[in-house]
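Raw entry19.csv, CSV, C-alpha atoms:
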```
chain,number,residue,atom,x,y,z
A,104,MET,CA,-55.0,58.3,99.5
A,105,PRO,CA,-61.2,59.3,90.8
A,106,LEU,CA,-63.4,57.9,88.1
A,107,SER,CA,-66.4,58.3,86.0
A,108,PRO,CA,-69.6,56.3,86.4
A,109,PRO,CA,-71.5,56.4,89.8
A,110,LEU,CA,-70.2,54.0,92.3
A,111,SER,CA,-72.9,54.1,94.9
A,112,GLY,CA,-76.5,54.7,95.2
A,113,ALA,CA,-77.4,52.5,92.3
A,114,SER,CA,-78.2,48.8,92.0
A,115,ALA,CA,-75.3,48.2,89.8
A,116,ALA,CA,-72.8,49.8,92.3
A,117,PRO,CA,-69.6,47.7,92.7
A,118,ARG,CA,-69.4,45.7,95.9
A,119,TYR,CA,-66.4,44.8,98.0
A,120,ARG,CA,-66.5,41.1,96.9
A,121,ASP,CA,-66.5,42.2,93.3
A,122,LEU,CA,-63.4,44.2,94.0
A,123,LEU,CA,-61.7,41.4,95.8
A,124,ARG,CA,-62.4,39.1,92.9
A,125,THR,CA,-60.5,41.4,90.5
A,126,PRO,CA,-57.2,39.7,89.5
A,127,GLU,CA,-54.2,41.2,91.3
A,128,PHE,CA,-56.1,43.5,93.5
A,129,THR,CA,-55.8,41.3,96.6
A,130,PRO,CA,-51.9,41.0,96.5
A,131,LEU,CA,-51.7,44.8,95.8
A,132,PHE,CA,-54.0,45.4,98.7
A,133,LEU,CA,-52.1,43.1,101.1
A,134,ALA,CA,-48.7,44.4,100.1
A,135,GLY,CA,-49.8,48.0,100.6
A,136,SER,CA,-51.3,47.1,104.0
A,137,ALA,CA,-48.0,45.5,105.0
A,138,GLN,CA,-46.2,48.7,104.1
A,139,VAL,CA,-48.6,50.9,106.1
A,140,ALA,CA,-48.2,48.6,109.1
A,141,ALA,CA,-44.4,48.8,108.7
A,142,GLN,CA,-44.5,52.6,108.4
A,143,THR,CA,-46.7,52.8,111.5
A,144,VAL,CA,-44.6,50.5,113.7
A,145,ALA,CA,-41.3,51.9,112.6
A,146,GLY,CA,-42.5,55.6,112.8
A,147,LEU,CA,-43.7,55.1,116.4
A,148,GLY,CA,-40.5,53.4,117.3
A,149,LEU,CA,-38.2,56.1,115.9
A,150,ALA,CA,-40.3,59.0,117.2
A,151,THR,CA,-40.2,57.4,120.7
A,152,LEU,CA,-36.4,56.8,120.4
A,153,VAL,CA,-35.8,60.4,119.4
A,154,PHE,CA,-38.1,61.9,122.1
A,155,ARG,CA,-36.5,59.9,124.8
A,156,ALA,CA,-33.0,61.0,123.6
A,157,THR,CA,-33.8,64.7,123.1
A,158,GLY,CA,-37.1,65.6,124.8
A,159,SER,CA,-37.9,67.7,121.7
A,160,PRO,CA,-41.5,67.9,120.3
A,161,LEU,CA,-40.1,69.2,117.1
A,162,LEU,CA,-37.5,66.4,116.6
A,163,SER,CA,-40.0,63.7,117.6
A,164,ALA,CA,-42.5,65.0,115.1
A,165,LEU,CA,-39.9,65.2,112.3
A,166,ALA,CA,-38.8,61.6,113.2
A,167,MET,CA,-42.3,60.3,112.5
A,168,PHE,CA,-43.3,62.6,109.6
A,169,GLY,CA,-39.9,63.9,108.4
A,170,PRO,CA,-39.7,61.5,105.3
A,171,SER,CA,-42.8,63.3,104.0
A,172,LEU,CA,-40.7,66.5,103.6
A,173,ALA,CA,-38.4,64.7,101.3
A,174,GLN,CA,-41.4,63.7,99.1
A,175,LEU,CA,-41.2,67.3,97.7
A,176,LEU,CA,-37.7,66.5,96.2
A,177,GLY,CA,-38.9,63.2,94.8
A,178,ALA,CA,-42.0,64.9,93.3
A,179,THR,CA,-39.8,67.3,91.4
A,180,THR,CA,-37.2,64.8,90.2
A,181,LEU,CA,-38.4,61.2,90.1
A,182,LEU,CA,-42.2,61.2,89.3
A,183,SER,CA,-41.8,60.8,85.6
A,184,ALA,CA,-40.5,57.3,86.4
A,185,ALA,CA,-43.9,56.4,87.9
A,186,ASP,CA,-45.4,55.7,84.4
A,187,ARG,CA,-42.1,54.6,82.8
A,188,LEU,CA,-40.9,51.7,85.0
A,189,PRO,CA,-42.3,48.1,85.2
A,190,PRO,CA,-44.6,48.4,88.2
A,191,ARG,CA,-43.9,45.1,89.9
A,192,THR,CA,-40.2,45.5,89.9
A,193,ALA,CA,-40.4,49.2,91.0
A,194,LEU,CA,-42.7,48.4,93.9
A,195,ALA,CA,-40.6,45.5,95.1
A,196,VAL,CA,-37.4,47.4,95.0
A,197,VAL,CA,-38.8,50.4,96.8
A,198,ALA,CA,-40.1,48.1,99.6
A,199,VAL,CA,-36.6,46.5,99.9
A,200,VAL,CA,-35.0,49.9,100.2
A,201,PHE,CA,-37.3,50.8,103.0
A,202,ALA,CA,-36.7,47.5,104.8
A,203,ALA,CA,-32.9,48.1,104.6
A,204,GLY,CA,-33.1,51.7,105.7
A,205,THR,CA,-35.4,51.0,108.6
A,206,ALA,CA,-33.1,48.2,109.8
A,207,VAL,CA,-30.1,50.6,109.7
A,208,GLN,CA,-32.0,53.1,111.8
A,209,ALA,CA,-32.2,50.5,114.6
A,210,VAL,CA,-28.4,50.4,114.9
A,211,SER,CA,-27.3,51.5,118.3
A,212,GLY,CA,-25.3,54.7,118.5
A,213,MET,CA,-26.3,56.0,115.1
A,214,PRO,CA,-25.9,59.8,115.1
A,215,LEU,CA,-29.1,61.8,115.1
A,216,GLY,CA,-28.0,63.7,111.9
A,217,ALA,CA,-27.3,60.4,110.1
A,218,ALA,CA,-30.7,59.0,111.1
A,219,PHE,CA,-32.5,62.1,109.7
A,220,GLY,CA,-30.4,62.0,106.6
A,221,LEU,CA,-31.5,58.4,106.0
A,222,LEU,CA,-35.1,59.5,106.6
A,223,ALA,CA,-34.7,62.0,103.8
A,224,VAL,CA,-33.4,59.4,101.4
A,225,LEU,CA,-36.3,57.1,102.2
A,226,GLY,CA,-38.8,59.9,101.6
A,227,VAL,CA,-37.4,60.6,98.1
A,228,VAL,CA,-37.7,56.9,97.2
A,229,GLY,CA,-41.2,56.8,98.7
A,230,SER,CA,-42.4,59.5,96.3
A,231,LEU,CA,-41.8,57.2,93.4
A,232,GLY,CA,-43.4,54.2,95.1
A,233,GLY,CA,-46.7,56.0,95.7
A,234,GLY,CA,-47.1,57.1,92.1
A,235,VAL,CA,-46.3,53.6,90.8
A,236,ARG,CA,-48.8,51.9,93.2
A,237,LEU,CA,-51.7,54.3,92.5
A,238,GLY,CA,-51.1,54.1,88.8
A,239,LEU,CA,-51.1,50.3,88.9
A,240,LEU,CA,-54.3,50.4,90.9
A,241,GLY,CA,-55.8,52.3,87.9
A,242,GLU,CA,-54.7,49.5,85.6
A,243,ILE,CA,-55.9,46.6,87.8
A,244,VAL,CA,-59.3,48.1,88.7
A,245,PRO,CA,-61.8,49.2,86.1
A,246,ARG,CA,-62.5,53.0,86.2
A,247,GLU,CA,-66.0,52.4,87.5
A,248,ARG,CA,-64.5,50.7,90.5
A,249,TYR,CA,-61.5,52.9,91.2
A,250,LEU,CA,-63.2,55.0,93.9
A,251,LEU,CA,-64.3,51.9,95.7
A,252,GLY,CA,-60.8,50.4,95.3
A,253,ARG,CA,-59.1,53.5,96.6
A,254,ALA,CA,-61.6,53.6,99.5
A,255,VAL,CA,-60.8,50.0,100.4
A,256,MET,CA,-57.0,50.8,100.3
A,257,ASN,CA,-57.6,53.8,102.5
A,258,MET,CA,-59.7,51.6,104.9
A,259,ALA,CA,-56.7,49.3,105.0
A,260,VAL,CA,-54.6,52.2,106.0
A,261,GLY,CA,-56.9,52.9,108.9
A,262,LEU,CA,-57.0,49.2,110.0
A,263,CYS,CA,-53.3,48.7,109.7
A,264,GLN,CA,-52.6,51.9,111.6
A,265,ILE,CA,-54.9,50.8,114.4
A,266,ALA,CA,-53.2,47.4,114.5
A,267,GLY,CA,-49.7,49.0,113.9
A,268,PHE,CA,-50.0,51.5,116.7
A,269,ALA,CA,-51.4,48.9,119.1
A,270,ALA,CA,-48.6,46.5,118.2
A,271,GLY,CA,-46.1,49.3,118.3
A,272,GLY,CA,-47.1,50.2,121.8
A,273,VAL,CA,-46.7,46.5,122.9
A,274,LEU,CA,-43.4,46.2,121.0
A,275,LEU,CA,-42.0,49.4,122.6
A,276,THR,CA,-42.7,47.8,126.0
A,277,VAL,CA,-41.4,44.3,125.1
A,278,LEU,CA,-38.6,44.9,122.7
A,279,SER,CA,-37.6,48.6,123.1
A,280,PRO,CA,-37.7,51.3,120.3
A,281,ARG,CA,-34.9,49.6,118.4
A,282,GLY,CA,-36.6,46.3,118.4
A,283,THR,CA,-39.8,48.0,117.2
A,284,LEU,CA,-37.8,49.4,114.2
A,285,LEU,CA,-36.6,45.9,113.3
A,286,ALA,CA,-40.2,44.7,113.4
A,287,GLY,CA,-41.0,47.5,110.9
A,288,ALA,CA,-38.2,46.4,108.7
A,289,ALA,CA,-39.5,42.9,108.6
A,290,LEU,CA,-42.9,44.1,107.5
A,291,TYR,CA,-41.4,46.1,104.7
A,292,LEU,CA,-39.6,42.9,103.5
A,293,LEU,CA,-43.0,41.1,103.6
A,294,ALA,CA,-44.5,43.8,101.4
A,295,ALA,CA,-41.6,43.3,98.9
A,296,LEU,CA,-42.3,39.6,98.7
A,297,LEU,CA,-46.0,40.2,98.1
A,298,TYR,CA,-45.3,42.6,95.3
A,299,ARG,CA,-42.7,40.3,93.7
A,300,PHE,CA,-44.7,37.0,93.8
A,301,GLY,CA,-48.3,38.4,93.9
A,302,LEU,CA,-48.3,40.7,90.9
A,303,THR,CA,-47.7,39.9,87.2
A,304,ALA,CA,-45.0,41.6,85.2
A,305,ARG,CA,-46.5,44.5,83.3
A,306,PRO,CA,-44.8,46.9,80.9
A,307,PRO,CA,-44.5,50.6,81.8
A,308,ARG,CA,-47.7,52.7,81.1
A,309,ALA,CA,-45.7,55.3,79.1
A,310,ALA,CA,-42.8,55.3,76.7
A,311,GLY,CA,-39.6,57.3,77.0
A,312,ARG,CA,-36.9,57.7,79.6
A,313,PRO,CA,-37.7,59.2,83.0
A,314,SER,CA,-35.8,62.3,83.9
A,315,PRO,CA,-36.0,65.4,86.2
A,316,ALA,CA,-36.7,67.5,83.1
A,317,GLU,CA,-39.7,65.3,82.1
A,318,THR,CA,-40.9,65.4,85.7
A,319,TRP,CA,-40.9,69.2,85.7
A,320,ARG,CA,-42.7,69.4,82.3
A,321,THR,CA,-45.5,67.1,83.3
A,322,ASN,CA,-45.8,68.7,86.7
A,323,ALA,CA,-46.1,72.1,85.0
A,324,ARG,CA,-48.8,70.7,82.6
A,325,LEU,CA,-50.8,69.2,85.5
A,326,LEU,CA,-50.7,72.4,87.6
A,327,ALA,CA,-51.4,74.8,84.7
A,328,ASP,CA,-55.1,74.0,84.7
A,329,ARG,CA,-56.7,76.1,87.4
A,330,PRO,CA,-59.4,73.7,88.6
A,331,ARG,CA,-56.8,70.9,88.7
A,332,ARG,CA,-54.5,73.2,90.7
A,333,LEU,CA,-57.2,73.9,93.2
A,334,LEU,CA,-57.9,70.2,93.6
A,335,TYR,CA,-54.3,69.6,94.4
A,336,LEU,CA,-54.3,72.4,97.0
A,337,ALA,CA,-57.4,70.9,98.6
A,338,LEU,CA,-55.8,67.5,98.7
A,339,TRP,CA,-52.6,68.8,100.2
A,340,VAL,CA,-53.0,71.7,102.5
A,341,PRO,CA,-56.0,71.3,104.9
A,342,ASN,CA,-55.3,67.7,105.5
A,343,GLY,CA,-51.6,68.3,105.9
A,344,LEU,CA,-52.2,70.9,108.7
A,345,ILE,CA,-54.3,68.3,110.6
A,346,VAL,CA,-51.6,65.7,110.2
A,347,GLY,CA,-49.3,68.4,111.8
A,348,CYS,CA,-51.7,68.2,114.8
A,349,GLU,CA,-51.3,64.4,114.9
A,350,ALA,CA,-47.5,64.8,114.8
A,351,LEU,CA,-47.7,66.3,118.3
A,352,PHE,CA,-49.5,63.3,119.9
A,353,VAL,CA,-46.2,62.0,121.3
A,354,ALA,CA,-45.3,65.4,122.8
A,355,TYR,CA,-48.9,66.1,124.0
A,356,ALA,CA,-49.5,62.7,125.7
A,357,PRO,CA,-46.4,60.4,125.6
A,358,ASP,CA,-48.3,57.7,127.5
A,359,ARG,CA,-51.4,57.9,125.4
A,360,ALA,CA,-50.0,58.7,122.0
A,361,GLY,CA,-50.7,55.2,120.6
A,362,LEU,CA,-54.3,55.5,121.7
A,363,LEU,CA,-54.7,58.9,120.0
A,364,PHE,CA,-53.2,57.6,116.8
A,365,ALA,CA,-55.5,54.6,116.9
A,366,CYS,CA,-58.5,56.8,117.4
A,367,ALA,CA,-57.5,58.8,114.3
A,368,ALA,CA,-57.2,55.6,112.4
A,369,VAL,CA,-60.7,54.5,113.5
A,370,GLY,CA,-62.2,57.8,112.4
A,371,MET,CA,-60.5,57.6,109.0
A,372,LEU,CA,-61.7,54.1,108.5
A,373,VAL,CA,-65.3,55.2,109.2
A,374,GLY,CA,-65.0,58.2,106.8
A,375,ASP,CA,-63.5,56.2,104.0
A,376,THR,CA,-66.1,53.4,104.4
A,377,VAL,CA,-69.0,55.8,104.3
A,378,VAL,CA,-67.7,57.9,101.4
A,379,GLY,CA,-66.3,55.1,99.3
A,380,ARG,CA,-69.4,52.8,99.5
A,381,PHE,CA,-72.5,54.6,100.6
A,382,VAL,CA,-72.5,58.3,99.5
A,383,PRO,CA,-74.7,58.8,96.4
A,384,GLU,CA,-73.2,60.5,93.4
A,385,ARG,CA,-75.6,63.4,93.7
A,386,LEU,CA,-74.1,64.3,97.1
A,387,ARG,CA,-70.4,64.0,96.4
A,388,ALA,CA,-69.8,67.4,94.9
A,389,ARG,CA,-71.4,69.0,98.0
A,390,LEU,CA,-69.9,66.8,100.7
A,391,ALA,CA,-66.1,67.4,100.2
A,392,ALA,CA,-65.9,70.8,101.8
A,393,PRO,CA,-68.0,70.0,104.9
A,394,LEU,CA,-65.9,66.9,105.5
A,395,GLN,CA,-62.8,69.1,105.5
A,396,PHE,CA,-64.4,71.5,107.9
A,397,LEU,CA,-65.2,68.5,110.1
A,398,LEU,CA,-61.5,67.4,109.9
A,399,ALA,CA,-60.3,70.6,111.5
A,400,ALA,CA,-63.0,71.8,113.9
A,401,PRO,CA,-62.6,69.2,116.7
A,402,TYR,CA,-59.0,70.2,117.2
A,403,LEU,CA,-60.2,73.6,118.4
A,404,LEU,CA,-61.0,71.9,121.7
A,405,PHE,CA,-57.3,71.5,122.3
A,406,ALA,CA,-57.2,75.2,123.0
A,407,LEU,CA,-58.3,74.1,126.5
A,408,GLY,CA,-54.9,72.6,127.0
A,409,THR,CA,-54.6,70.5,130.1
A,410,GLY,CA,-58.2,71.2,130.8
A,411,LEU,CA,-59.3,68.9,128.1
A,412,PRO,CA,-60.2,65.5,129.6
A,413,PRO,CA,-58.4,62.5,128.0
A,414,VAL,CA,-61.7,60.9,126.8
A,415,ALA,CA,-62.7,64.2,125.1
A,416,ALA,CA,-59.3,64.4,123.4
A,417,ALA,CA,-59.6,60.9,122.1
A,418,ALA,CA,-63.2,61.5,120.9
A,419,ALA,CA,-62.2,64.8,119.1
A,420,VAL,CA,-59.4,63.0,117.3
A,421,ALA,CA,-61.7,60.2,116.1
A,422,VAL,CA,-64.5,62.5,115.0
A,423,SER,CA,-62.0,64.7,113.2
A,424,ALA,CA,-60.5,61.9,111.2
A,425,VAL,CA,-63.8,61.0,109.6
A,426,GLY,CA,-63.2,64.2,107.5
A,427,TYR,CA,-60.2,62.5,105.7
A,428,GLY,CA,-63.0,61.0,103.5
A,429,ALA,CA,-63.0,64.3,101.6
A,430,SER,CA,-59.7,63.2,99.9
A,431,LEU,CA,-61.5,60.4,98.1
A,432,LEU,CA,-64.0,62.8,96.6
A,433,TYR,CA,-61.2,65.2,95.5
A,434,GLN,CA,-59.2,62.3,94.0
A,435,GLU,CA,-62.3,61.3,92.0
A,436,ARG,CA,-62.4,64.8,90.5
A,437,LEU,CA,-58.7,64.8,89.9
A,438,LEU,CA,-58.6,61.5,88.0
A,439,ALA,CA,-61.4,62.7,85.8
A,440,ARG,CA,-59.3,65.6,84.7
A,441,VAL,CA,-56.1,63.7,83.7
A,442,PRO,CA,-55.3,61.5,80.7
A,443,GLU,CA,-54.9,57.8,81.4
A,444,GLU,CA,-51.2,57.6,80.4
A,445,SER,CA,-50.4,60.3,83.0
A,446,SER,CA,-52.5,58.8,85.8
A,447,GLY,CA,-49.5,57.4,87.7
A,448,HIS,CA,-47.7,60.8,87.6
A,449,ALA,CA,-50.8,62.8,88.5
A,450,LEU,CA,-51.7,60.6,91.4
A,451,GLY,CA,-48.0,60.4,92.5
A,452,LEU,CA,-47.9,64.2,92.5
A,453,HIS,CA,-51.0,64.2,94.7
A,454,GLY,CA,-49.4,61.7,97.1
A,455,SER,CA,-46.0,63.3,97.2
A,456,GLY,CA,-47.4,66.8,97.6
A,457,MET,CA,-49.7,65.6,100.3
A,458,LEU,CA,-46.9,64.0,102.2
A,459,ALA,CA,-44.7,67.0,101.7
A,460,CYS,CA,-47.3,69.2,103.2
A,461,GLN,CA,-47.7,66.8,106.1
A,462,GLY,CA,-44.0,67.0,106.7
A,463,LEU,CA,-44.0,70.8,106.5
A,464,ALA,CA,-47.0,70.9,108.9
A,465,ALA,CA,-45.2,68.5,111.3
A,466,ALA,CA,-42.2,70.8,111.3
A,467,LEU,CA,-44.5,73.9,111.8
A,468,ALA,CA,-46.4,72.1,114.6
A,469,GLY,CA,-43.2,71.1,116.4
A,470,GLY,CA,-41.9,74.7,116.2
A,471,LEU,CA,-45.2,76.1,117.5
A,472,ALA,CA,-45.2,73.6,120.3
A,473,GLN,CA,-41.7,74.6,121.3
A,474,LEU,CA,-42.8,78.2,121.5
A,475,THR,CA,-46.2,77.6,123.1
A,476,SER,CA,-47.4,74.1,124.0
A,477,PRO,CA,-48.5,71.0,122.0
A,478,ALA,CA,-52.2,71.6,122.7
A,479,THR,CA,-52.0,75.3,121.7
A,480,ALA,CA,-50.1,74.4,118.5
A,481,MET,CA,-52.8,71.9,117.6
A,482,ALA,CA,-55.5,74.5,118.0
A,483,LEU,CA,-53.6,77.0,115.9
A,484,LEU,CA,-53.2,74.5,113.1
A,485,ALA,CA,-56.9,73.7,113.2
A,486,VAL,CA,-57.7,77.4,112.7
A,487,ALA,CA,-55.3,77.5,109.7
A,488,SER,CA,-56.9,74.4,108.2
A,489,LEU,CA,-60.4,75.9,108.5
A,490,ALA,CA,-59.2,79.1,106.9
A,491,VAL,CA,-57.6,77.3,103.9
A,492,THR,CA,-60.7,75.2,103.4
A,493,ALA,CA,-63.0,78.2,103.4
A,494,ALA,CA,-60.7,80.0,100.9
A,495,LEU,CA,-60.7,77.1,98.5
A,496,THR,CA,-64.4,76.2,98.6
A,497,ALA,CA,-65.6,78.8,96.2
A,498,GLY,CA,-62.9,78.0,93.6
A,499,LEU,CA,-63.4,74.3,93.8
A,500,SER,CA,-67.0,74.6,92.5
A,501,SER,CA,-65.5,75.1,89.1
A,502,ALA,CA,-63.5,71.8,89.4
A,503,ALA,CA,-66.6,69.5,89.1
A,504,PRO,CA,-66.0,66.1,87.5
A,505,ARG,CA,-66.2,65.9,83.8
A,506,SER,CA,-67.9,63.1,81.9
A,507,PRO,CA,-65.8,60.0,81.1
A,508,ARG,CA,-65.6,60.9,77.4
A,509,THR,CA,-64.4,64.4,78.1
A,510,ALA,CA,-61.9,63.1,80.7
A,511,ARG,CA,-60.4,60.7,78.2
A,512,ARG,CA,-60.0,63.4,75.5
A,513,ARG,CA,-58.4,65.9,77.8
A,514,THR,CA,-54.6,66.1,77.8
A,515,ALA,CA,-52.4,67.1,80.6
```
Would you write the structure of this file as structure tokens?
Amino acid sequence: MPLSPPLSGASAAPRYRDLLRTPEFTPLFLAGSAQVAAQTVAGLGLATLVFRATGSPLLSALAMFGPSLAQLLGATTLLSAADRLPPRTALAVVAVVFAAGTAVQAVSGMPLGAAFGLLAVLGVVGSLGGGVRLGLLGEIVPRERYLLGRAVMNMAVGLCQIAGFAAGGVLLTVLSPRGTLLAGAALYLLAALLYRFGLTARPPRAAGRPSPAETWRTNARLLADRPRRLLYLALWVPNGLIVGCEALFVAYAPDRAGLLFACAAVGMLVGDTVVGRFVPERLRARLAAPLQFLLAAPYLLFALGTGLPPVAAAAAVAVSAVGYGASLLYQERLLARVPEESSGHALGLHGSGMLACQGLAAALAGGLAQLTSPATAMALLAVASLAVTAALTAGLSSAAPRSPRTARRRTA
């Protein structure tokens, strides 16, 4: 989950087939899709395993989204490596680490504390992988096609989540939660092979040795600019709170959680398709905030609790997820405000911060659900998301995209 010239609304707008003809885009796309499917299948398996063992909405939410919390640690220590490591090797190694960690989680009798500790380690490693992958996309795809490329990858997330949750539901029935975790590990391994043999060896984008100190310095430079800081907050907080709602699906409807996750994936797919390919440039600046309001508003229906019919709940989730398309518009603005040599770090900070907020929101959601109910907690998080979006909207008007020439001259 960023460029200069218009991507849609003009006759010269890039098309999907142009993107797929771009060398190396297809293997990067396929490998990223395999990772999303792995995360979906394994996350559903682990969340179900934890919920069956503990009956806790908080722990089941953290089992699925807990690694996102650890992204915060990775964002403050490892992100300088995103532009300073050979991309192909880094991506393959990260996928192998996830394959091994997921396989270990399937071990019978593994203490709950050890399982969550392993989730934290994987979250830290994942923060590096996200920055490397998004930075590499910026190298593979010309800037005038970046928004379309990012949209296609987001669409793949939606499709793979639909397939992953559907397959995960079947695997939970046929293989058990532990077998589902092993299936996720196999998909991570497939992603590693696609990275290793589908991408060419490239040098790092930036010189120098990665270090926590360099990560801190670059983070400080990126966040020192007020419009850029507001863009990061818009990318992190409103969406993160709604992911907190999604983290309660297992507790809200254990027998229909897979369906609700699939509905969210369908909605996200629709939103990314429309925003990435069909929204004219003249409308982009005005569309981001309304999409984020749309993201939160349908969850207010969950204030009805058990009075909300299952069909209405599924429809609300699907309509809400269309609003995730706002992230593409904010990413476009963000990339226009960072220098090319820091693009991996900047986009990695976006990804890690977003996932960290999702993890924090999942923990908050679980805690609220323990005190009230899953439905009430979802409605409360929706109100918070609407309030944050409203507070950020005025300030974001000053973060309009700059011209390509200005963006290139700007330093972090």
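Among the candidates A:Leu221, A:Val369, A:Leu292, A:Ala164, the one nearest to Ala259 (chain A) when counting all atoms listed in the file is A:Val369.
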> Which residues come within 10 Å of region 415-424 of chain A, counting only C-alpha atoms, excluding same-chain residues fewer than 3 positions away, as a PyMOL selection string?
Replying inline: chain A and resi 261+342+345-346+348-349+359-360+362-375+394-405+408+411-412+427-428
>> What does the structure give for the distance between CA of Ala198 (chain A) and CA of Val224 (chain A), in Å to one decimal?
In response: 13.3 Å
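Coordinates place CA of Ser136 (chain A) at a distance of 13.7 Å from CA of Gly301 (chain A).
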Enumerate, in order of chain and increasing residue number, the residues of region 230-282 of chain A with an atom no farther than 9 Å from region 376-384 of chain A, each with its shortest atom pair and distance in Å to one decimal, counting all atoms listed in the file, as a tab-separated table.
```
residue	atom	partner	partner_atom	distance
A:Leu250	CA	A:Gly379	CA	6.2
A:Leu251	CA	A:Gly379	CA	5.2
A:Gly252	CA	A:Gly379	CA	8.3
A:Arg253	CA	A:Gly379	CA	7.9
A:Ala254	CA	A:Gly379	CA	4.9
A:Val255	CA	A:Thr376	CA	7.5
A:Asn257	CA	A:Thr376	CA	8.7
A:Met258	CA	A:Thr376	CA	6.7
```
Expected file: the selected residues, C-alpha atoms, as an mmCIF file, in the coordinates of the input:
```cif
data_model
loop_
_atom_site.group_PDB
_atom_site.id
_atom_site.type_symbol
_atom_site.label_atom_id
_atom_site.label_comp_id
_atom_site.auth_asym_id
_atom_site.auth_seq_id
_atom_site.Cartn_x
_atom_site.Cartn_y
_atom_site.Cartn_z
ATOM 1 C CA LEU A 250 -63.200 55.000 93.900
ATOM 2 C CA LEU A 251 -64.300 51.900 95.700
ATOM 3 C CA GLY A 252 -60.800 50.400 95.300
ATOM 4 C CA ARG A 253 -59.100 53.500 96.600
ATOM 5 C CA ALA A 254 -61.600 53.600 99.500
ATOM 6 C CA VAL A 255 -60.800 50.000 100.400
ATOM 7 C CA ASN A 257 -57.600 53.800 102.500
ATOM 8 C CA MET A 258 -59.700 51.600 104.900
#
```
> Of the candidates A:Leu438, A:Leu147, A:Ala350, A:Leu262, which one gets nearest to Gly470 (chain A) if we count all atoms listed in the file?
Replying inline: A:Ala350
> Leaving out Gly272 (chain A) and any residue of its chain fewer than 5 positions from it, which residues lie within 12 Å of it when counting only C-alpha atoms, given as a PyMOL selection string?
Replying inline: chain A and resi 143-148+151+264-267+277-280+282-283+353+357-365
> At a cut-off of 12 Å from (-33.7, 49.0, 111.0) in the coordinates of the file, what residues are picked up using only C-alpha atoms, written as number ranges by chain?
Replying inline: A: 141-142, 144-146, 148-149, 199-211, 213, 218, 221-222, 280-292
Store the residues picked out above, limited to C-alpha atoms, as a PDB file, in the coordinates of the input.
```pdb
ATOM      1  CA  ALA A 141     -44.400  48.800 108.700  1.00  0.00           C
ATOM      2  CA  GLN A 142     -44.500  52.600 108.400  1.00  0.00           C
ATOM      3  CA  VAL A 144     -44.600  50.500 113.700  1.00  0.00           C
ATOM      4  CA  ALA A 145     -41.300  51.900 112.600  1.00  0.00           C
ATOM      5  CA  GLY A 146     -42.500  55.600 112.800  1.00  0.00           C
ATOM      6  CA  GLY A 148     -40.500  53.400 117.300  1.00  0.00           C
ATOM      7  CA  LEU A 149     -38.200  56.100 115.900  1.00  0.00           C
ATOM      8  CA  VAL A 199     -36.600  46.500  99.900  1.00  0.00           C
ATOM      9  CA  VAL A 200     -35.000  49.900 100.200  1.00  0.00           C
ATOM     10  CA  PHE A 201     -37.300  50.800 103.000  1.00  0.00           C
ATOM     11  CA  ALA A 202     -36.700  47.500 104.800  1.00  0.00           C
ATOM     12  CA  ALA A 203     -32.900  48.100 104.600  1.00  0.00           C
ATOM     13  CA  GLY A 204     -33.100  51.700 105.700  1.00  0.00           C
ATOM     14  CA  THR A 205     -35.400  51.000 108.600  1.00  0.00           C
ATOM     15  CA  ALA A 206     -33.100  48.200 109.800  1.00  0.00           C
ATOM     16  CA  VAL A 207     -30.100  50.600 109.700  1.00  0.00           C
ATOM     17  CA  GLN A 208     -32.000  53.100 111.800  1.00  0.00           C
ATOM     18  CA  ALA A 209     -32.200  50.500 114.600  1.00  0.00           C
ATOM     19  CA  VAL A 210     -28.400  50.400 114.900  1.00  0.00           C
ATOM     20  CA  SER A 211     -27.300  51.500 118.300  1.00  0.00           C
ATOM     21  CA  MET A 213     -26.300  56.000 115.100  1.00  0.00           C
ATOM     22  CA  ALA A 218     -30.700  59.000 111.100  1.00  0.00           C
ATOM     23  CA  LEU A 221     -31.500  58.400 106.000  1.00  0.00           C
ATOM     24  CA  LEU A 222     -35.100  59.500 106.600  1.00  0.00           C
ATOM     25  CA  PRO A 280     -37.700  51.300 120.300  1.00  0.00           C
ATOM     26  CA  ARG A 281     -34.900  49.600 118.400  1.00  0.00           C
ATOM     27  CA  GLY A 282     -36.600  46.300 118.400  1.00  0.00           C
ATOM     28  CA  THR A 283     -39.800  48.000 117.200  1.00  0.00           C
ATOM     29  CA  LEU A 284     -37.800  49.400 114.200  1.00  0.00           C
ATOM     30  CA  LEU A 285     -36.600  45.900 113.300  1.00  0.00           C
ATOM     31  CA  ALA A 286     -40.200  44.700 113.400  1.00  0.00           C
ATOM     32  CA  GLY A 287     -41.000  47.500 110.900  1.00  0.00           C
ATOM     33  CA  ALA A 288     -38.200  46.400 108.700  1.00  0.00           C
ATOM     34  CA  ALA A 289     -39.500  42.900 108.600  1.00  0.00           C
ATOM     35  CA  LEU A 290     -42.900  44.100 107.500  1.00  0.00           C
ATOM     36  CA  TYR A 291     -41.400  46.100 104.700  1.00  0.00           C
ATOM     37  CA  LEU A 292     -39.600  42.900 103.500  1.00  0.00           C
TER      38      LEU A 292
END
```
> Which of these residues is nearest to Ser163 (chain A), using all atoms listed in the file: A:Leu499, A:Ala310, A:Leu215, A:Leu240?
Replying inline: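 The answer is A:Leu215, which sits nearest to Ser163 (chain A).
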